[in-house]
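Chemist: One file is attached below, upload31.txt, containing compact mmCIF, C-alpha atoms.
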```txt
# COMPACT_ATOMS: atom_id res chain seq x y z
CA MET A 1 -25.15 18.61 7.75
CA THR A 2 -24.62 20.04 11.20
CA ALA A 3 -21.59 17.96 12.10
CA HIS A 4 -19.81 19.23 9.04
CA ALA A 5 -20.31 22.80 10.09
CA ALA A 6 -19.50 22.11 13.70
CA HIS A 7 -16.11 20.68 13.00
CA GLY A 8 -14.90 23.19 10.46
CA GLY A 9 -15.16 21.23 7.24
CA VAL A 10 -13.03 18.54 5.65
CA ARG A 11 -9.36 19.34 5.17
CA LEU A 12 -7.47 18.65 1.98
CA PRO A 13 -6.54 14.97 1.66
CA PRO A 14 -2.88 13.88 1.63
CA PRO A 15 -1.30 12.86 -1.68
CA PRO A 16 -2.88 9.68 -3.11
CA TRP A 17 0.02 7.34 -2.42
CA LEU A 18 -1.93 4.26 -3.57
CA TRP A 19 -2.54 5.77 -6.98
CA LEU A 20 1.04 7.01 -7.23
CA LEU A 21 2.25 3.50 -6.43
CA VAL A 22 0.17 1.99 -9.23
CA CYS A 23 1.24 4.68 -11.71
CA THR A 24 4.92 4.25 -10.78
CA TYR A 25 4.72 0.51 -11.31
CA LEU A 26 3.03 1.02 -14.66
CA TRP A 27 5.87 3.38 -15.66
CA GLU A 28 8.52 0.85 -14.59
CA LEU A 29 6.72 -2.18 -16.03
CA PRO A 30 8.85 -2.48 -19.22
CA SER A 31 12.14 -2.49 -17.30
CA GLY A 32 10.64 -4.87 -14.76
CA VAL A 33 9.70 -7.32 -17.49
CA VAL A 34 13.28 -7.21 -18.82
CA TRP A 35 14.70 -7.79 -15.34
CA TRP A 36 12.44 -10.77 -14.65
CA ARG A 37 13.24 -12.24 -18.05
CA GLU A 38 16.91 -12.20 -17.07
CA GLN A 39 16.14 -13.80 -13.72
CA ILE A 40 14.15 -16.60 -15.35
CA ARG A 41 16.94 -17.17 -17.86
CA ASP A 42 19.62 -17.34 -15.16
CA LEU A 43 17.71 -19.43 -12.64
CA TRP A 44 15.35 -21.63 -14.64
CA THR A 45 16.95 -22.32 -18.03
CA ASP A 46 20.15 -23.90 -19.36
CA GLU A 47 21.23 -20.53 -20.79
CA GLY A 48 21.88 -18.97 -17.37
CA ALA A 49 25.11 -17.64 -15.94
CA TYR A 50 25.51 -20.58 -13.54
CA GLY A 51 27.32 -23.79 -14.42
CA PRO A 52 25.62 -27.22 -14.48
CA ALA A 53 27.24 -28.24 -11.19
CA VAL A 54 25.83 -25.20 -9.38
CA VAL A 55 22.37 -25.57 -10.92
CA ALA A 56 22.16 -29.21 -9.85
CA SER A 57 23.08 -28.42 -6.21
CA PRO A 58 20.53 -28.37 -3.38
CA GLY A 59 21.63 -24.85 -2.51
CA PHE A 60 20.53 -23.64 -5.93
CA ALA A 61 17.09 -25.16 -5.30
CA ALA A 62 16.83 -22.98 -2.18
CA LEU A 63 17.75 -19.94 -4.26
CA ARG A 64 15.02 -20.76 -6.77
CA ALA A 65 12.47 -21.13 -3.98
CA SER A 66 13.43 -17.76 -2.50
CA THR A 67 12.73 -16.01 -5.81
CA VAL A 68 9.01 -16.66 -5.22
CA SER A 69 9.09 -14.26 -2.27
CA GLN A 70 10.94 -11.82 -4.54
CA LEU A 71 8.16 -12.14 -7.11
CA MET A 72 5.39 -11.46 -4.58
CA PRO A 73 5.73 -7.63 -4.50
CA SER A 74 5.41 -7.59 -8.28
CA LEU A 75 2.30 -9.75 -8.06
CA VAL A 76 0.86 -7.34 -5.49
CA LEU A 77 1.27 -4.43 -7.89
CA VAL A 78 -0.07 -6.44 -10.84
CA ALA A 79 -3.12 -7.18 -8.68
CA GLY A 80 -3.50 -3.43 -8.18
CA LEU A 81 -3.47 -2.88 -11.93
CA LEU A 82 -6.07 -5.62 -12.40
CA ALA A 83 -8.29 -4.07 -9.72
CA VAL A 84 -8.27 -0.76 -11.59
CA ALA A 85 -8.65 -2.33 -15.04
CA LEU A 86 -11.46 -4.79 -14.22
CA PRO A 87 -13.80 -3.14 -11.69
CA HIS A 88 -16.94 -4.67 -13.25
CA LEU A 89 -15.57 -8.20 -12.74
CA ARG A 90 -14.59 -7.36 -9.19
CA GLY A 91 -18.04 -5.93 -8.48
CA TRP A 92 -19.72 -9.06 -9.78
CA TYR A 93 -17.46 -11.32 -7.69
CA THR A 94 -17.88 -9.22 -4.53
CA ARG A 95 -21.65 -9.19 -4.82
CA LEU A 96 -21.79 -12.97 -5.07
CA ARG A 97 -19.05 -13.62 -2.52
CA TYR A 98 -20.65 -11.55 0.25
CA ARG A 99 -24.31 -12.01 -0.78
CA LEU A 100 -24.84 -8.29 -1.21
CA VAL A 101 -28.28 -6.80 -1.81
CA PRO A 102 -29.20 -3.11 -2.18
CA LEU A 103 -30.25 -1.37 1.01
CA THR A 104 -33.42 -0.23 -0.73
CA ALA A 105 -34.44 -3.86 -1.22
CA LEU A 106 -34.71 -4.45 2.52
CA GLY A 107 -38.13 -4.09 4.04
CA SER A 108 -38.25 -2.35 7.41
CA THR A 109 -40.98 -1.24 9.75
CA ASP A 110 -38.90 1.75 10.88
CA ALA A 111 -37.81 2.92 7.43
CA ALA A 112 -38.91 6.48 8.14
CA ALA A 113 -37.13 6.76 11.51
CA PRO A 114 -33.68 8.41 11.69
CA GLN A 115 -32.25 5.20 13.15
CA GLY A 116 -33.94 3.04 10.53
CA VAL A 117 -33.03 1.99 7.02
CA GLY A 118 -34.42 5.23 5.64
CA GLY A 119 -32.19 7.27 7.93
CA LEU A 120 -29.13 5.33 6.81
CA ARG A 121 -30.12 5.77 3.18
CA ASP A 122 -30.54 9.52 3.59
CA PHE A 123 -27.26 9.91 5.47
CA ALA A 124 -25.36 7.91 2.83
CA ALA A 125 -26.91 10.04 0.08
CA ALA A 126 -25.73 13.18 1.88
CA VAL A 127 -22.13 12.12 2.54
CA ALA A 128 -21.53 9.96 -0.56
CA PRO A 129 -23.74 11.20 -3.43
CA GLY A 130 -24.06 8.65 -6.20
CA ALA A 131 -22.80 5.74 -4.09
CA THR A 132 -25.04 2.72 -3.59
CA VAL A 133 -25.30 1.12 -0.14
CA MET A 134 -25.30 -2.68 -0.27
CA VAL A 135 -26.06 -4.99 2.66
CA SER A 136 -24.22 -8.26 3.16
CA MET A 137 -26.53 -11.12 4.07
CA TRP A 138 -23.48 -13.18 5.02
CA GLY A 139 -22.99 -13.22 8.77
CA LYS A 140 -19.20 -12.76 8.58
CA GLY A 141 -19.28 -9.68 6.37
CA PRO A 142 -17.27 -6.58 7.37
CA PRO A 143 -18.98 -3.70 9.25
CA ALA A 144 -18.57 -1.30 6.31
CA ARG A 145 -16.28 -1.42 3.28
CA VAL A 146 -16.16 0.25 -0.11
CA TYR A 147 -15.66 -1.40 -3.47
CA ALA A 148 -16.02 -0.60 -7.15
CA ALA A 149 -18.63 -2.11 -9.44
CA GLY A 150 -17.41 -0.03 -12.39
CA TRP A 151 -15.09 2.88 -13.07
CA ARG A 152 -17.79 5.33 -11.96
CA GLU A 153 -19.96 2.95 -9.94
CA ARG A 154 -19.20 3.26 -6.23
CA ARG A 155 -20.51 0.88 -3.61
CA ILE A 156 -20.52 0.86 0.21
CA ALA A 157 -21.07 -2.62 1.63
CA VAL A 158 -22.40 -2.85 5.19
CA SER A 159 -23.16 -5.89 7.31
CA LEU A 160 -26.27 -6.79 9.26
CA GLY A 161 -24.20 -6.01 12.34
CA PHE A 162 -23.67 -2.49 11.03
CA LEU A 163 -27.43 -2.04 10.66
CA ALA A 164 -27.81 -3.09 14.30
CA LEU A 165 -25.07 -0.62 15.27
CA TRP A 166 -26.88 2.12 13.32
CA ARG A 167 -29.95 1.58 15.48
CA ARG A 168 -28.00 1.13 18.75
CA ASP A 169 -25.30 3.82 18.41
CA PRO A 170 -25.82 6.08 15.38
CA ALA A 171 -22.76 8.26 16.19
CA ARG A 172 -20.34 5.33 15.90
CA ALA A 173 -22.07 4.05 12.77
CA ARG A 174 -21.83 7.50 11.15
CA ALA A 175 -18.12 7.66 11.93
CA LEU A 176 -17.56 4.25 10.31
CA LEU A 177 -19.53 5.30 7.25
CA LEU A 178 -17.68 8.62 6.99
CA HIS A 179 -14.39 6.72 7.10
CA GLU A 180 -15.50 4.79 4.04
CA THR A 181 -16.58 7.96 2.24
CA GLY A 182 -13.03 9.21 2.78
CA HIS A 183 -11.84 6.30 0.63
CA LEU A 184 -14.46 7.11 -2.01
CA GLY A 185 -13.35 10.75 -2.08
CA SER A 186 -9.81 9.70 -3.02
CA GLY A 187 -10.73 7.02 -5.55
CA GLU A 188 -9.20 4.30 -3.37
CA HIS A 189 -12.22 2.03 -3.83
CA LEU A 190 -10.89 1.15 -7.28
CA ILE A 191 -7.63 -0.22 -5.84
CA ALA A 192 -8.40 -1.35 -2.27
CA GLY A 193 -11.53 -2.22 -0.33
CA LEU A 194 -13.82 -5.23 -0.34
CA GLY A 195 -12.99 -7.94 -2.86
CA SER A 196 -9.77 -6.22 -4.00
CA PRO A 197 -7.11 -8.54 -5.46
CA PHE A 198 -4.54 -5.93 -4.39
CA THR A 199 -5.37 -6.19 -0.69
CA ARG A 200 -5.71 -9.97 -0.93
CA ALA A 201 -2.19 -10.20 -2.34
CA VAL A 202 -0.82 -7.97 0.44
CA GLN A 203 -2.54 -10.13 3.07
CA ALA A 204 -0.94 -13.25 1.55
CA TRP A 205 2.55 -11.76 1.74
CA PRO A 206 3.52 -12.99 5.27
CA VAL A 207 2.65 -16.59 4.42
CA VAL A 208 4.53 -16.44 1.12
CA PHE A 209 7.56 -14.89 2.78
CA LEU A 210 7.69 -17.52 5.52
CA ALA A 211 7.24 -20.38 3.05
CA PHE A 212 9.55 -19.21 0.27
CA GLY A 213 11.76 -16.57 1.87
CA ALA A 214 12.57 -17.67 5.41
CA ALA A 215 12.19 -21.42 4.88
CA PRO A 216 15.01 -21.68 2.26
CA LEU A 217 17.36 -19.87 4.66
CA VAL A 218 16.51 -22.29 7.48
CA TRP A 219 16.90 -25.23 5.11
CA LEU A 220 20.33 -24.06 3.95
CA ALA A 221 21.54 -23.65 7.51
CA TRP A 222 20.15 -27.02 8.58
CA ARG A 223 21.48 -29.11 5.67
CA HIS A 224 25.06 -27.76 5.71
CA GLU A 225 25.29 -28.29 1.97
CA PRO A 226 28.74 -27.65 0.40
CA THR A 227 27.18 -25.19 -2.07
CA ALA A 228 25.39 -23.24 0.66
CA SER A 229 28.25 -20.77 0.97
CA LEU A 230 27.85 -19.90 -2.73
CA MET A 231 24.09 -19.41 -2.45
CA TRP A 232 23.91 -17.37 0.76
CA PRO A 233 24.78 -14.05 -0.92
CA GLN A 234 22.21 -14.64 -3.64
CA VAL A 235 19.43 -15.49 -1.18
CA VAL A 236 20.19 -12.37 0.88
CA VAL A 237 19.95 -10.22 -2.26
CA VAL A 238 16.61 -11.83 -3.12
CA LEU A 239 15.27 -11.04 0.36
CA SER A 240 16.43 -7.43 0.06
CA ARG A 241 14.42 -6.98 -3.10
CA ALA A 242 11.41 -8.64 -1.47
CA SER A 243 11.46 -5.88 1.17
CA VAL A 244 9.80 -3.56 -1.36
CA ILE A 245 6.50 -4.90 0.02
CA MET A 246 6.78 -2.19 2.69
CA VAL A 247 5.88 0.41 0.03
CA PRO A 248 2.33 -0.83 -0.76
CA VAL A 249 1.75 -1.56 2.95
CA ALA A 250 2.67 2.02 3.83
CA ALA A 251 0.39 3.32 1.06
CA LEU A 252 -2.53 1.30 2.45
CA TRP A 253 -1.89 2.49 5.99
CA CYS A 254 -1.78 6.11 4.83
CA ALA A 255 -5.10 5.63 3.05
CA GLU A 256 -6.69 4.30 6.25
CA LEU A 257 -5.29 7.07 8.44
CA ALA A 258 -6.37 9.72 5.93
CA ALA A 259 -9.90 8.27 5.90
CA ASP A 260 -9.95 8.43 9.71
CA ARG A 261 -8.90 12.08 9.51
CA HIS A 262 -11.67 12.75 6.99
CA ALA A 263 -14.25 11.26 9.37
CA ALA A 264 -12.85 13.22 12.33
CA ALA A 265 -13.12 16.49 10.39
CA VAL A 266 -16.83 15.86 9.77
CA CYS A 267 -18.11 14.21 12.96
CA GLY A 268 -15.33 14.92 15.46
CA ARG A 269 -12.39 12.90 16.70
CA ARG A 270 -14.31 11.54 19.70
CA ALA A 271 -16.78 9.80 17.41
CA VAL A 272 -13.88 8.31 15.41
CA GLU A 273 -12.21 7.07 18.60
CA HIS A 274 -15.48 5.42 19.67
CA ALA A 275 -15.79 3.84 16.22
CA LEU A 276 -12.25 2.46 16.56
CA ASP A 277 -13.27 0.99 19.90
CA GLU A 278 -16.07 -0.79 18.04
CA ILE A 279 -13.55 -2.17 15.52
CA GLY A 280 -11.17 -3.22 18.29
CA ALA A 281 -13.95 -5.02 20.14
CA GLY A 282 -14.65 -6.98 16.96
CA GLY A 283 -11.12 -8.27 16.48
CA GLY A 284 -8.35 -6.24 18.07
CA ARG A 285 -6.47 -5.33 14.92
CA ALA A 286 -8.45 -3.46 12.33
CA ARG A 287 -9.72 -5.84 9.74
CA GLY A 288 -6.85 -7.47 8.06
CA GLY A 289 -3.22 -7.73 9.03
CA LEU A 290 -0.93 -5.71 6.79
CA THR A 291 -3.69 -3.83 4.98
CA HIS A 292 -4.80 -1.83 8.04
CA PRO A 293 -2.67 -0.10 10.69
CA PRO A 294 -3.01 -1.24 14.31
CA CYS A 295 -5.89 0.29 16.24
CA ARG A 296 -3.42 1.89 18.66
CA LEU A 297 -1.79 3.82 15.83
CA ARG A 298 -5.18 4.83 14.48
CA ARG A 299 -6.28 6.07 17.90
CA TRP A 300 -3.02 8.00 18.30
CA CYS A 301 -3.61 9.72 14.96
CA ALA A 302 -7.30 10.32 15.69
CA GLU A 303 -6.42 12.07 18.95
CA ARG A 304 -4.21 14.45 16.95
CA ALA A 305 -6.51 14.85 13.96
CA ASP A 306 -6.98 18.57 14.61
CA GLY A 307 -3.25 19.36 14.71
CA SER A 308 -0.56 19.65 12.05
CA LEU A 309 1.53 16.58 13.00
CA VAL A 310 -0.68 13.89 11.41
CA PRO A 311 -1.16 15.68 8.06
CA ALA A 312 2.60 16.31 7.94
CA LEU A 313 3.34 12.63 8.54
CA LEU A 314 0.84 11.57 5.86
CA ALA A 315 2.30 14.05 3.37
CA LEU A 316 5.85 12.84 4.09
CA ALA A 317 4.95 9.14 4.13
CA GLY A 318 5.74 8.48 0.46
CA PRO A 319 9.28 9.89 0.40
CA VAL A 320 10.07 8.53 3.87
CA VAL A 321 9.10 4.93 3.11
CA LEU A 322 11.07 5.01 -0.15
CA LEU A 323 14.16 6.19 1.72
CA VAL A 324 13.64 3.55 4.41
CA HIS A 325 13.37 0.91 1.70
CA ALA A 326 16.59 2.23 0.15
CA ALA A 327 18.32 1.90 3.54
CA VAL A 328 17.07 -1.68 3.91
CA VAL A 329 18.34 -2.56 0.43
CA VAL A 330 21.75 -1.05 1.24
CA CYS A 331 22.03 -3.09 4.45
CA PHE A 332 21.01 -6.39 2.82
CA THR A 333 23.21 -5.83 -0.24
CA THR A 334 26.21 -4.97 1.94
CA VAL A 335 25.80 -8.23 3.85
CA ALA A 336 25.42 -10.17 0.59
CA LEU A 337 28.61 -8.68 -0.85
CA VAL A 338 30.55 -9.41 2.34
CA LEU A 339 29.36 -13.00 2.23
CA ALA A 340 30.55 -13.13 -1.39
CA GLY A 341 34.05 -12.04 -0.37
CA ASP A 342 34.02 -8.24 -0.46
CA PRO A 343 35.62 -6.24 2.36
CA TRP A 344 33.14 -4.18 4.37
CA SER A 345 34.30 -0.83 2.99
CA SER A 346 34.02 -1.94 -0.64
CA ALA A 347 30.67 -3.67 0.00
CA ALA A 348 29.17 -0.56 1.62
CA ALA A 349 30.38 1.71 -1.19
CA SER A 350 28.97 -0.62 -3.86
CA SER A 351 25.65 -0.96 -2.03
CA LEU A 352 25.27 2.82 -1.80
CA ASP A 353 26.11 3.14 -5.49
CA LEU A 354 23.50 0.51 -6.38
CA ALA A 355 20.86 2.28 -4.27
CA HIS A 356 21.75 5.58 -5.92
CA ARG A 357 21.25 4.00 -9.33
CA ASP A 358 18.17 1.83 -8.69
CA VAL A 359 16.19 3.61 -5.92
CA LEU A 360 17.11 7.30 -6.14
CA THR A 361 15.95 7.67 -9.72
CA VAL A 362 15.63 11.19 -11.11
CA PRO A 363 12.14 10.78 -12.73
CA LEU A 364 10.60 9.40 -9.52
CA TRP A 365 11.98 12.04 -7.19
CA SER A 366 11.26 14.83 -9.67
CA ALA A 367 7.62 13.71 -9.63
CA LEU A 368 7.61 13.67 -5.82
CA VAL A 369 9.02 17.20 -5.65
CA GLY A 370 6.43 18.42 -8.15
CA LEU A 371 3.66 16.73 -6.21
CA ALA A 372 4.80 18.29 -2.92
CA VAL A 373 4.78 21.75 -4.47
CA LEU A 374 1.55 21.48 -6.46
CA TRP A 375 -0.60 19.26 -4.24
CA PRO A 376 -2.43 22.14 -2.47
CA LEU A 377 -3.67 23.18 -5.94
CA LEU A 378 -4.31 19.66 -7.22
CA ALA A 379 -6.08 18.24 -4.14
CA PRO A 380 -9.47 19.97 -4.67
CA ARG A 381 -9.52 18.84 -8.30
CA TRP A 382 -8.56 15.31 -7.29
CA SER A 383 -11.46 15.20 -4.83
CA ARG A 384 -13.91 16.55 -7.41
CA LEU A 385 -12.77 13.86 -9.84
CA TRP A 386 -14.14 11.25 -7.44
CA GLY A 387 -17.37 13.05 -6.65
CA ALA A 388 -16.39 14.65 -3.31
CA GLY A 389 -17.78 18.01 -4.25
CA THR A 390 -21.04 18.45 -2.37
CA ALA A 391 -21.52 20.07 0.98
CA GLY A 392 -22.39 17.08 3.02
CA SER A 393 -19.66 14.81 1.71
CA GLY A 394 -16.72 17.04 2.20
CA ASP A 395 -17.14 20.31 0.37
CA VAL A 396 -14.11 20.68 -1.79
CA GLY A 397 -14.44 24.39 -1.77
CA GLY A 398 -14.65 24.39 2.00
CA ALA A 399 -11.73 22.03 2.14
CA GLY A 400 -9.70 24.38 0.02
CA ARG A 401 -10.45 27.26 2.38
CA ALA A 402 -9.60 25.17 5.41
CA GLY A 403 -6.26 24.11 3.92
CA ASP A 404 -4.42 20.88 4.55
CA GLY A 405 -3.57 21.50 8.19
CA LEU A 406 0.15 22.05 7.53
CA GLY A 407 2.02 24.94 9.09
CA ARG A 408 4.84 26.76 7.34
CA ARG A 409 7.55 24.57 8.84
CA ALA A 410 5.70 21.37 8.03
CA ARG A 411 5.05 22.58 4.49
CA ALA A 412 8.77 23.37 4.08
CA ALA A 413 9.71 19.88 5.34
CA VAL A 414 7.25 18.23 2.94
CA ILE A 415 8.96 19.99 0.03
CA MET A 416 12.55 19.84 1.26
CA LEU A 417 12.77 16.08 1.90
CA PRO A 418 12.09 14.97 -1.69
CA ALA A 419 14.08 17.96 -2.96
CA VAL A 420 17.17 16.84 -1.04
CA ALA A 421 16.68 13.26 -2.29
CA LEU A 422 16.40 14.60 -5.85
CA ALA A 423 19.61 16.57 -5.40
CA VAL A 424 21.38 13.37 -4.31
CA ALA A 425 19.89 11.49 -7.26
CA LEU A 426 21.35 14.10 -9.63
CA LEU A 427 24.87 13.51 -8.31
CA PRO A 428 27.10 11.42 -10.59
CA SER A 429 27.74 7.79 -9.78
CA THR A 430 30.79 7.02 -7.65
CA GLY A 431 31.73 4.11 -9.92
CA ALA A 432 32.04 1.75 -6.95
CA VAL A 433 30.00 -0.94 -8.70
CA GLU A 434 32.32 -0.98 -11.72
CA ARG A 435 35.41 -1.21 -9.47
CA ASP A 436 34.01 -3.94 -7.22
CA PRO A 437 35.56 -7.32 -8.14
CA VAL A 438 32.49 -9.21 -6.91
CA LEU A 439 30.18 -7.18 -9.13
CA ARG A 440 32.10 -7.49 -12.38
CA PRO A 441 29.71 -8.16 -15.30
CA ALA A 442 31.20 -11.61 -15.87
CA SER A 443 30.44 -12.82 -12.35
CA PRO A 444 27.24 -14.65 -11.38
CA GLU A 445 26.56 -12.07 -8.66
CA ALA A 446 26.34 -9.35 -11.27
CA GLY A 447 23.49 -11.18 -12.92
CA ALA A 448 21.60 -11.36 -9.66
CA GLU A 449 22.12 -7.66 -8.93
CA ARG A 450 20.92 -6.35 -12.28
```
Show me this structure written as structure tokens.
Modeler:
Amino acid sequence: MTAHAAHGGVRLPPPPWLWLLVCTYLWELPSGVVWWREQIRDLWTDEGAYGPAVVASPGFAALRASTVSQLMPSLVLVAGLLAVALPHLRGWYTRLRYRLVPLTALGSTDAAAPQGVGGLRDFAAAVAPGATVMVSMWGKGPPARVYAAGWRERRIAVSLGFLALWRRDPARARALLLHETGHLGSGEHLIAGLGSPFTRAVQAWPVVFLAFGAAPLVWLAWRHEPTASLMWPQVVVVLSRASVIMVPVAALWCAELAADRHAAAVCGRRAVEHALDEIGAGGGRARGGLTHPPCRLRRWCAERADGSLVPALLALAGPVVLLVHAAVVVCFTTVALVLAGDPWSSAAASSLDLAHRDVLTVPLWSALVGLAVLWPLLAPRWSRLWGAGTAGSGDVGGAGRAGDGLGRRARAAVIMLPAVALAVALLPSTGAVERDPVLRPASPEAGAER
């Protein structure tokens, strides 16, 4: 493949943050089940920590409604587990939903021409060996998306509009297809892509948050209920926990930007920029709200695909978004404790102690440090696991020789950030939570913070 040689080969992919997210949730699933059991007991049964007068109040109804937005991030991750566990069911649904037929089933008078169906079939076989190209006969189908029809059955779905683009502007069509092969090379088609319950749940998040997160707050402020002052701290804590949705969103954005970088390494960044123009012309924002980064961000990264900044940002994305989430939780929890009667100094100390205990966990940050150190060795094997091991599709050997695009300083930063967070996680607790009068085990707030 001449483009592959011309642009120096495919670089090593960034860490697979989507897969790490699913694995982390699976590890924490037992403790999560215990925590939700306590929440259901406290908020929805007569055995909870709240008295009958509080439970019967309108303010408590708002608190119950807000827990739905708190549940949504967990449902997103459960959807990710289902996508991985049931790829055959997803493949069957996707094929029916988008009226997909194999590319080879289409008759064409120009099948032998490079811009015809035969040319597309040959190109797909070169860049994604073993993947089957399916064509959506539904007019509203996406230009090109990947999905799984089995654990080892990879599919690339293209629309009739993509076939027209292939004939009209093959360079843009190749860039779009190479973007999708970047997803295949990281195994992301099992979690995200067309027909994924994981991405559907992420897309539903804004509506759920407005209906069950923001609406209860507006209702409390509008009604001026006497019990509203008791419920405000609890609702704020619920919203802080719901902010964890930023983690799967960041993982999806990293996957998209890494796939763009994969395409740029094979066909050049100009072709990727032109392909992004094609996406922007079709809808402004790439394909789906929270699941795809804005086209402006994608263009900015595509323009810098040959440098070391973008790979450094992608490699740091996992630790950075976890730390940002920890900062958000600290801010929300501090406000909740102040509303519950804590002084600012005590509330801030308790919030930091809670974040140290619940977010800066030693197993998680130990894994992130190990990944940062070992990823240059693991990345070629990870790509081979998903079939990205032939010359045209991103030669893993060539990728290993090309490296990951990180300089020495960037490599040091990628290792040092999670290492510093791990060092903080290893520090002993300050004991602020145990000394805080609002967070005593006998208080209702303690039940909500557990």
Chemist: Using all atoms listed in the file, can you tell me which of A:Val424, A:Val414, A:Leu184, A:Ala175 comes closest to Arg384 of chain A?
Modeler: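 Distance minimum relative to Arg384 of chain A lands on A:Leu184.
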Chemist: What does the distance between atom CA of Val338 of chain A and atom CA of Met72 of chain A come to in Å, to one decimal place?
Modeler: 26.2 Å
Chemist: Report as CSV the residues of segment 280-395 of chain A within 9 Å of segment 427-441 of chain A, each with its shortest atom pair and distance in Å (one decimal), using all atoms listed in the file, ordered by chain and increasing residue number.
Modeler:
```
residue,atom,partner,partner_atom,distance
A:Leu337,CA,A:Val438,CA,7.2
A:Ala340,CA,A:Val438,CA,7.0
A:Gly341,CA,A:Val438,CA,7.3
A:Asp342,CA,A:Val438,CA,6.7
A:Ser346,CA,A:Asp436,CA,6.9
A:Ala347,CA,A:Asp436,CA,8.0
A:Ala349,CA,A:Ala432,CA,6.0
A:Ser350,CA,A:Val433,CA,5.0
A:Ser351,CA,A:Val433,CA,8.0
A:Leu352,CA,A:Ala432,CA,8.6
A:Asp353,CA,A:Ala432,CA,6.3
A:Leu354,CA,A:Val433,CA,7.1
A:His356,CA,A:Ser429,CA,7.5
A:Arg357,CA,A:Ser429,CA,7.5
```
Chemist: Rounded to one decimal in Å, what is the spacing between atom CA of Glu28 of chain A and atom CA of Val146 of chain A?
Modeler: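 Atom CA of Glu28 of chain A sits 28.6 Å away from atom CA of Val146 of chain A.
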Chemist: One decimal, in Å: what's the spacing between atom CA of Leu371 of chain A and atom CA of Leu21 of chain A?
Modeler: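 Straight-line distance from atom CA of Leu371 of chain A to atom CA of Leu21 of chain A works out to 13.3 Å.
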Chemist: Select, from A:Ala425, A:Ala131, A:Val329, A:Leu77, the residue with the minimum atom-to-atom distance to Val236 of chain A, counting all atoms listed in the file.
Modeler: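 Nearest candidate to Val236 of chain A out of A:Ala425, A:Ala131, A:Val329, A:Leu77: A:Val329.
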Chemist: Could you check the closest approach to Arg269 of chain A for each of A:Trp219, A:Leu71, A:Leu178, A:Ser240 and tell me which residue wins, using all atoms listed in the file?
Modeler: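 That would be A:Leu178, the residue with the smallest distance to Arg269 of chain A.
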Chemist: Do a neighbour search on Phe209 of chain A at 9 Å with only C-alpha atoms, toss out local chain neighbours closer than 6 positions, and write the hits as a ChimeraX atom specification.
Modeler: /A:66,68-70,72,215,239,242
Chemist: Which residue gives the smallest distance to Ala379 of chain A among A:Phe162, A:Pro233, A:Pro418, A:Gly185, with only C-alpha atoms counted?
Modeler: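 Nearest to Ala379 of chain A: A:Gly185.
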Chemist: Using all atoms listed in the file, can you list as a list in words the residues within 8 Å of (16.1, -18.0, -8.1)?
Modeler: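 Protein, DNA and RNA residues close to (16.1, -18.0, -8.1): Gln39, Ile40, Asp42, Leu43, Trp44, Phe60, Ala61, Ala62, Leu63, Arg64, Ala65, Ser66, Thr67, Val68 and Val238 of chain A.
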Chemist: Go through segment 131-201 of chain A residue by residue and, counting all atoms listed in the file, keep those with an atom at most 6 Å from segment 98-106 of chain A; for each kept residue give the shortest atom pair and its distance in Å to one decimal, ordered by chain and increasing number, as CSV.
Modeler:
```
residue,atom,partner,partner_atom,distance
A:Val133,CA,A:Leu103,CA,5.7
A:Met134,CA,A:Pro102,CA,4.4
A:Val135,CA,A:Leu100,CA,5.2
A:Ser136,CA,A:Leu100,CA,4.4
A:Met137,CA,A:Arg99,CA,5.4
A:Trp138,CA,A:Tyr98,CA,5.8
```
